>>> print(open('my_file-v9.cif').read())   # mmCIF, C-alpha atoms
data_model
loop_
_atom_site.group_PDB
_atom_site.id
_atom_site.type_symbol
_atom_site.label_atom_id
_atom_site.label_comp_id
_atom_site.auth_asym_id
_atom_site.auth_seq_id
_atom_site.Cartn_x
_atom_site.Cartn_y
_atom_site.Cartn_z
ATOM 1 C CA MET A 1 127.546 9.284 -80.638
ATOM 2 C CA ALA A 2 128.305 12.916 -81.420
ATOM 3 C CA GLY A 3 131.751 12.208 -82.863
ATOM 4 C CA PHE A 4 133.618 14.048 -80.100
ATOM 5 C CA ASP A 5 136.575 12.799 -78.077
ATOM 6 C CA LEU A 6 135.867 12.558 -74.360
ATOM 7 C CA VAL A 7 138.613 13.806 -72.056
ATOM 8 C CA ASP A 8 138.324 11.857 -68.823
ATOM 9 C CA PRO A 9 139.390 14.184 -65.975
ATOM 10 C CA ARG A 10 140.432 11.146 -63.921
ATOM 11 C CA GLN A 11 143.414 10.608 -66.223
ATOM 12 C CA ALA A 12 146.881 11.885 -65.287
ATOM 13 C CA PRO A 13 146.953 15.719 -65.256
ATOM 14 C CA ALA A 14 149.583 15.855 -68.021
ATOM 15 C CA VAL A 15 147.345 13.733 -70.273
ATOM 16 C CA VAL A 16 144.233 15.841 -69.595
ATOM 17 C CA ILE A 17 146.080 19.126 -70.114
ATOM 18 C CA SER A 18 147.723 17.876 -73.320
ATOM 19 C CA ARG A 19 144.413 16.678 -74.794
ATOM 20 C CA ILE A 20 142.683 19.992 -74.016
ATOM 21 C CA ALA A 21 145.634 22.024 -75.354
ATOM 22 C CA GLN A 22 145.530 20.087 -78.652
ATOM 23 C CA ALA A 23 141.752 20.273 -79.152
ATOM 24 C CA LYS A 24 140.100 22.373 -81.862
ATOM 25 C CA LEU A 25 137.115 23.138 -79.613
ATOM 26 C CA VAL A 26 136.312 22.232 -76.015
ATOM 27 C CA LEU A 27 132.741 21.684 -74.827
ATOM 28 C CA THR A 28 132.865 21.698 -71.048
ATOM 29 C CA GLU A 29 130.743 21.618 -67.942
ATOM 30 C CA SER A 30 133.919 21.965 -65.899
ATOM 31 C CA LEU A 31 135.206 25.435 -65.071
ATOM 32 C CA TYR A 32 138.723 23.993 -65.084
ATOM 33 C CA GLY A 33 138.165 22.657 -68.594
ATOM 34 C CA ALA A 34 137.257 26.169 -69.739
ATOM 35 C CA ILE A 35 140.209 27.722 -67.878
ATOM 36 C CA LEU A 36 142.676 25.274 -69.435
ATOM 37 C CA ALA A 37 141.214 25.633 -72.922
ATOM 38 C CA ASP A 38 141.280 29.418 -72.687
ATOM 39 C CA ALA A 39 144.822 29.488 -71.283
ATOM 40 C CA PHE A 40 146.022 27.485 -74.302
ATOM 41 C CA GLY A 41 144.035 29.617 -76.764
ATOM 42 C CA VAL A 42 141.574 26.816 -77.562
ATOM 43 C CA PRO A 43 137.990 27.997 -78.265
ATOM 44 C CA TRP A 44 135.403 26.597 -75.841
ATOM 45 C CA ARG A 45 131.677 26.465 -75.093
ATOM 46 C CA PRO A 46 130.183 25.900 -71.629
ATOM 47 C CA PHE A 47 127.183 23.757 -70.731
ATOM 48 C CA ALA A 48 125.359 22.570 -67.617
ATOM 49 C CA VAL A 49 123.283 19.417 -67.145
ATOM 50 C CA SER A 50 122.219 19.852 -63.509
ATOM 51 C CA ARG A 51 122.276 22.193 -60.535
ATOM 52 C CA ASN A 52 125.805 20.943 -59.820
ATOM 53 C CA PHE A 53 127.184 23.981 -61.655
ATOM 54 C CA SER A 54 128.543 26.995 -59.773
ATOM 55 C CA LYS A 55 127.300 30.040 -61.652
ATOM 56 C CA ALA A 56 129.080 32.291 -59.123
ATOM 57 C CA LYS A 57 132.520 30.732 -59.742
ATOM 58 C CA TRP A 58 132.036 30.778 -63.494
ATOM 59 C CA ALA A 59 130.830 34.395 -63.443
ATOM 60 C CA ASP A 60 133.830 35.454 -61.326
ATOM 61 C CA TRP A 61 136.308 33.852 -63.728
ATOM 62 C CA ALA A 62 134.546 35.086 -66.885
ATOM 63 C CA GLY A 63 134.426 38.588 -65.415
ATOM 64 C CA SER A 64 138.185 38.527 -64.760
ATOM 65 C CA LEU A 65 138.659 38.032 -68.515
ATOM 66 C CA ASN A 66 135.931 40.495 -69.561
ATOM 67 C CA LEU A 67 134.016 37.665 -71.249
ATOM 68 C CA ARG A 68 130.274 37.709 -71.807
ATOM 69 C CA VAL A 69 129.278 34.084 -71.371
ATOM 70 C CA ALA A 70 125.989 32.282 -71.882
ATOM 71 C CA VAL A 71 125.828 28.671 -70.700
ATOM 72 C CA ALA A 72 123.795 26.069 -72.606
ATOM 73 C CA VAL A 73 121.467 23.861 -70.565
ATOM 74 C CA VAL A 74 121.967 20.350 -71.969
ATOM 75 C CA PRO A 75 119.907 17.290 -71.005
ATOM 76 C CA PRO A 76 122.041 14.634 -69.281
ATOM 77 C CA PRO A 77 122.299 11.155 -70.807
ATOM 78 C CA ASP A 78 120.683 9.669 -67.689
ATOM 79 C CA ALA A 79 118.277 11.132 -65.136
ATOM 80 C CA VAL A 80 120.456 9.901 -62.246
ATOM 81 C CA THR A 81 122.397 13.193 -62.428
ATOM 82 C CA LEU A 82 119.176 15.147 -61.939
ATOM 83 C CA LEU A 83 118.076 12.876 -59.116
ATOM 84 C CA ARG A 84 121.380 13.476 -57.354
ATOM 85 C CA TYR A 85 121.854 17.220 -57.939
ATOM 86 C CA GLY A 86 118.533 18.559 -59.170
ATOM 87 C CA LYS A 87 117.371 19.975 -62.483
ATOM 88 C CA PRO A 88 118.672 23.372 -63.539
ATOM 89 C CA PRO A 89 116.024 26.093 -63.163
ATOM 90 C CA GLU A 90 116.335 26.921 -66.869
ATOM 91 C CA PRO A 91 114.727 24.630 -69.464
ATOM 92 C CA PHE A 92 116.909 22.237 -71.460
ATOM 93 C CA GLY A 93 117.883 23.771 -74.797
ATOM 94 C CA THR A 94 118.111 27.313 -73.428
ATOM 95 C CA PHE A 95 121.011 29.447 -72.248
ATOM 96 C CA PHE A 96 121.614 31.412 -69.066
ATOM 97 C CA PRO A 97 124.032 34.335 -68.688
ATOM 98 C CA LEU A 98 127.014 34.366 -66.362
ATOM 99 C CA ASP A 99 126.787 37.792 -64.838
ATOM 100 C CA LEU A 100 126.778 39.391 -61.400
ATOM 101 C CA GLU A 101 122.992 39.191 -61.058
ATOM 102 C CA THR A 102 122.926 35.463 -61.885
ATOM 103 C CA ALA A 103 125.825 34.786 -59.504
ATOM 104 C CA CYS A 104 124.148 36.671 -56.639
ATOM 105 C CA ARG A 105 120.830 34.855 -57.180
ATOM 106 C CA GLU A 106 122.610 31.515 -57.031
ATOM 107 C CA PHE A 107 124.521 32.500 -53.900
ATOM 108 C CA HIS A 108 121.338 33.561 -52.093
ATOM 109 C CA SER A 109 119.536 30.368 -53.096
ATOM 110 C CA ARG A 110 122.411 28.257 -51.713
ATOM 111 C CA ILE A 111 122.370 29.954 -48.310
ATOM 112 C CA ALA A 112 118.567 29.844 -47.973
ATOM 113 C CA PRO A 113 117.177 27.201 -45.621
ATOM 114 C CA PRO A 114 116.541 23.932 -47.482
ATOM 115 C CA ARG A 115 112.960 23.123 -48.394
ATOM 116 C CA SER A 116 111.572 19.736 -47.489
ATOM 117 C CA GLN A 117 110.738 17.583 -50.528
ATOM 118 C CA GLY A 118 108.260 15.341 -48.768
ATOM 119 C CA TRP A 119 108.555 11.621 -48.340
ATOM 120 C CA MET A 120 106.771 10.736 -51.620
ATOM 121 C CA LYS A 121 109.182 12.740 -53.766
ATOM 122 C CA THR A 122 112.192 11.406 -51.848
ATOM 123 C CA ALA A 123 110.942 7.816 -52.162
ATOM 124 C CA GLY A 124 110.261 8.277 -55.882
ATOM 125 C CA LYS A 125 113.771 9.603 -56.490
ATOM 126 C CA GLY A 126 115.176 6.638 -54.589
ATOM 127 C CA VAL A 127 113.287 4.156 -56.770
ATOM 128 C CA LEU A 128 114.259 5.914 -60.001
ATOM 129 C CA GLY A 129 117.885 6.092 -58.866
ATOM 130 C CA ARG A 130 118.010 2.303 -58.480
ATOM 131 C CA LEU A 131 116.145 1.377 -61.683
ATOM 132 C CA PRO A 132 117.877 2.339 -64.962
ATOM 133 C CA ALA A 133 114.886 1.123 -67.015
ATOM 134 C CA ALA A 134 112.566 3.471 -65.086
ATOM 135 C CA ARG A 135 114.945 6.393 -65.639
ATOM 136 C CA LYS A 136 114.826 5.801 -69.417
ATOM 137 C CA LEU A 137 111.057 6.286 -69.333
ATOM 138 C CA ILE A 138 111.624 9.871 -68.201
ATOM 139 C CA GLY A 139 113.093 10.624 -71.638
ATOM 140 C CA PHE A 140 116.795 11.124 -71.053
ATOM 141 C CA SER A 141 119.227 9.338 -73.353
ATOM 142 C CA ALA A 142 122.774 9.503 -74.662
ATOM 143 C CA ALA A 143 121.357 10.272 -78.131
ATOM 144 C CA ARG A 144 119.496 13.318 -76.795
ATOM 145 C CA THR A 145 122.655 14.562 -75.059
ATOM 146 C CA ALA A 146 124.766 13.969 -78.188
ATOM 147 C CA GLU A 147 122.269 15.955 -80.276
ATOM 148 C CA ALA A 148 122.382 18.879 -77.828
ATOM 149 C CA LEU A 149 126.202 18.868 -77.722
ATOM 150 C CA THR A 150 126.404 18.746 -81.527
ATOM 151 C CA LYS A 151 124.139 21.785 -81.711
ATOM 152 C CA LEU A 152 126.240 23.540 -79.044
ATOM 153 C CA ALA A 153 129.438 22.898 -81.047
ATOM 154 C CA GLU A 154 127.890 24.667 -84.053
ATOM 155 C CA GLY A 155 127.555 27.965 -82.157
ATOM 156 C CA ALA A 156 130.119 30.723 -81.818
ATOM 157 C CA PRO A 157 132.888 29.607 -79.456
ATOM 158 C CA LEU A 158 134.362 31.684 -76.673
ATOM 159 C CA LEU A 159 137.972 32.711 -76.186
ATOM 160 C CA SER A 160 139.429 35.548 -74.168
ATOM 161 C CA ASP A 161 141.546 38.284 -75.705
ATOM 162 C CA PRO A 162 145.176 37.097 -76.048
ATOM 163 C CA ALA A 163 146.488 40.407 -74.688
ATOM 164 C CA LYS A 164 144.264 40.060 -71.593
ATOM 165 C CA ARG A 165 145.528 36.503 -71.033
ATOM 166 C CA GLU A 166 149.137 37.686 -71.337
ATOM 167 C CA ASP A 167 148.545 40.589 -68.922
ATOM 168 C CA LEU A 168 147.058 38.198 -66.347
ATOM 169 C CA ARG A 169 149.862 35.676 -66.881
ATOM 170 C CA SER A 170 152.525 38.371 -66.421
ATOM 171 C CA ALA A 171 150.829 39.665 -63.265
ATOM 172 C CA MET A 172 150.628 36.120 -61.865
ATOM 173 C CA LEU A 173 154.316 35.439 -62.590
ATOM 174 C CA ALA A 174 155.333 38.746 -60.982
ATOM 175 C CA ARG A 175 153.375 37.839 -57.841
ATOM 176 C CA LEU A 176 154.874 34.346 -57.760
ATOM 177 C CA ASP A 177 158.372 35.798 -58.213
ATOM 178 C CA ALA A 178 157.824 38.265 -55.348
ATOM 179 C CA LEU A 179 156.551 35.442 -53.143
ATOM 180 C CA ALA A 180 159.522 33.241 -54.011
ATOM 181 C CA LYS A 181 161.994 36.069 -53.264
ATOM 182 C CA ARG A 182 160.317 36.762 -49.948
ATOM 183 C CA HIS A 183 160.825 33.136 -48.983
ATOM 184 C CA GLY A 184 164.344 32.872 -50.408
ATOM 185 C CA ALA A 185 163.448 30.584 -53.291
ATOM 186 C CA SER A 186 163.889 30.993 -57.022
ATOM 187 C CA LEU A 187 161.090 30.711 -59.530
ATOM 188 C CA ALA A 188 161.523 28.565 -62.609
ATOM 189 C CA VAL A 189 158.762 28.935 -65.193
ATOM 190 C CA ALA A 190 158.624 26.928 -68.394
#
>>> encode(input="my_file-v9.cif", output="structure tokens")
Amino acid sequence: MAGFDLVDPRQAPAVVISRIAQAKLVLTESLYGAILADAFGVPWRPFAVSRNFSKAKWADWAGSLNLRVAVAVVPPPDAVTLLRYGKPPEPFGTFFPLDLETACREFHSRIAPPRSQGWMKTAGKGVLGRLPAARKLIGFSAARTAEALTKLAEGAPLLSDPAKREDLRSAMLARLDALAKRHGASLAVA
């Protein structure tokens, strides 16, 4: 609906990596999608549709590249994602930063004792989860998601500094080489 190509992460790794490496822009909810895009010098934009998004992991990676990242909160095409993982605390259509403070808040919320939802809320989620027609009444749709992703693609993309990427790559290869030598193996890097 938005005119984008979907890269299915269930495809063979070589296919997924090749498609990301050849893209002009990558919109991704997956940290690995952003890592691959950035490693190949492909501009990218992050988004989240539910609480199933690790702000701490993203913040750690972005910090390693000295990137200032704001993640778009995009409505999912179907409410089943929200029923399963929960709605992000930020409103749809807004952005949240990936910084140390955000990562620490998320970490503390994940280790806090779970709150009981009550039987009514649990029962309601169960009914909505089984009835696609009822979920549509909540207002989520593929068209709404496509509109949000189109708007996201119009913003300034992210990409780490090429020199920083090369420094990290060189450091990684040096560590791998030292590890291989310690174990009597040789390292072949393409």
>>> resolve_selection(input="my_file-v9.cif", expression="the PyMOL selection byres ((chain A and resi 20) around 8)", output="list of chain:residue names")
A:Val7, A:Val16, A:Ile17, A:Ser18, A:Arg19, A:Ala21, A:Gln22, A:Ala23, A:Val26, A:Gly33, A:Leu36, A:Ala37, A:Val42
>>> residues_around(input="my_file-v9.cif", residues="Ala146 of chain A", least_positions_apart="6", cutoff="10 Å", atoms="all atoms listed in the file", output="list in words")
Met1, Ala2, Gly3, Phe4, Val74, Pro75, Pro76, Pro77 and Leu152 of chain A
>>> write_last_selection(input="my_file-v9.cif", atoms="C-alpha atoms", output="PDB file, keeping the file's coordinate frame")
ATOM      1  CA  MET A   1     127.546   9.284 -80.638  1.00  0.00           C
ATOM      2  CA  ALA A   2     128.305  12.916 -81.420  1.00  0.00           C
ATOM      3  CA  GLY A   3     131.751  12.208 -82.863  1.00  0.00           C
ATOM      4  CA  PHE A   4     133.618  14.048 -80.100  1.00  0.00           C
ATOM      5  CA  VAL A  74     121.967  20.350 -71.969  1.00  0.00           C
ATOM      6  CA  PRO A  75     119.907  17.290 -71.005  1.00  0.00           C
ATOM      7  CA  PRO A  76     122.041  14.634 -69.281  1.00  0.00           C
ATOM      8  CA  PRO A  77     122.299  11.155 -70.807  1.00  0.00           C
ATOM      9  CA  LEU A 152     126.240  23.540 -79.044  1.00  0.00           C
TER      10      LEU A 152
END
>>> residues_around(input="my_file-v9.cif", residues="Pro162 of chain A", least_positions_apart="2", cutoff="12 Å", atoms="all atoms listed in the file", output="PDB file with C-alpha atoms, in the frame of the given file")
ATOM      1  CA  ASP A  38     141.280  29.418 -72.687  1.00  0.00           C
ATOM      2  CA  ALA A  39     144.822  29.488 -71.283  1.00  0.00           C
ATOM      3  CA  PHE A  40     146.022  27.485 -74.302  1.00  0.00           C
ATOM      4  CA  GLY A  41     144.035  29.617 -76.764  1.00  0.00           C
ATOM      5  CA  VAL A  42     141.574  26.816 -77.562  1.00  0.00           C
ATOM      6  CA  PRO A  43     137.990  27.997 -78.265  1.00  0.00           C
ATOM      7  CA  LEU A  65     138.659  38.032 -68.515  1.00  0.00           C
ATOM      8  CA  ASN A  66     135.931  40.495 -69.561  1.00  0.00           C
ATOM      9  CA  LEU A 159     137.972  32.711 -76.186  1.00  0.00           C
ATOM     10  CA  SER A 160     139.429  35.548 -74.168  1.00  0.00           C
ATOM     11  CA  LYS A 164     144.264  40.060 -71.593  1.00  0.00           C
ATOM     12  CA  ARG A 165     145.528  36.503 -71.033  1.00  0.00           C
ATOM     13  CA  GLU A 166     149.137  37.686 -71.337  1.00  0.00           C
ATOM     14  CA  ASP A 167     148.545  40.589 -68.922  1.00  0.00           C
ATOM     15  CA  LEU A 168     147.058  38.198 -66.347  1.00  0.00           C
ATOM     16  CA  ARG A 169     149.862  35.676 -66.881  1.00  0.00           C
TER      17      ARG A 169
END
>>> atom_distance(input="my_file-v9.cif", atom1="atom CA of Asp78 of chain A", atom2="atom CA of Ser50 of chain A")
11.1 Å
>>> closest_residue(input="my_file-v9.cif", among="A:Leu31, A:Leu25, A:Ala171, A:Leu6", to="Val71 of chain A", atoms="all atoms listed in the file")
A:Leu31
>>> closest_residue(input="my_file-v9.cif", among="A:Ala79, A:Leu27, A:Leu179, A:Leu173", to="Asp5 of chain A", atoms="all atoms listed in the file")
A:Leu27
>>> atom_distance(input="my_file-v9.cif", atom1="atom CA of Asp8 of chain A", atom2="atom CA of Gly63 of chain A")
27.2 Å
>>> atom_distance(input="my_file-v9.cif", atom1="atom CA of Trp61 of chain A", atom2="atom CA of Arg45 of chain A")
14.3 Å
>>> closest_residue(input="my_file-v9.cif", among="A:Arg84, A:Asp99, A:Phe92, A:Leu176", to="Ala70 of chain A", atoms="all atoms listed in the file")
A:Asp99
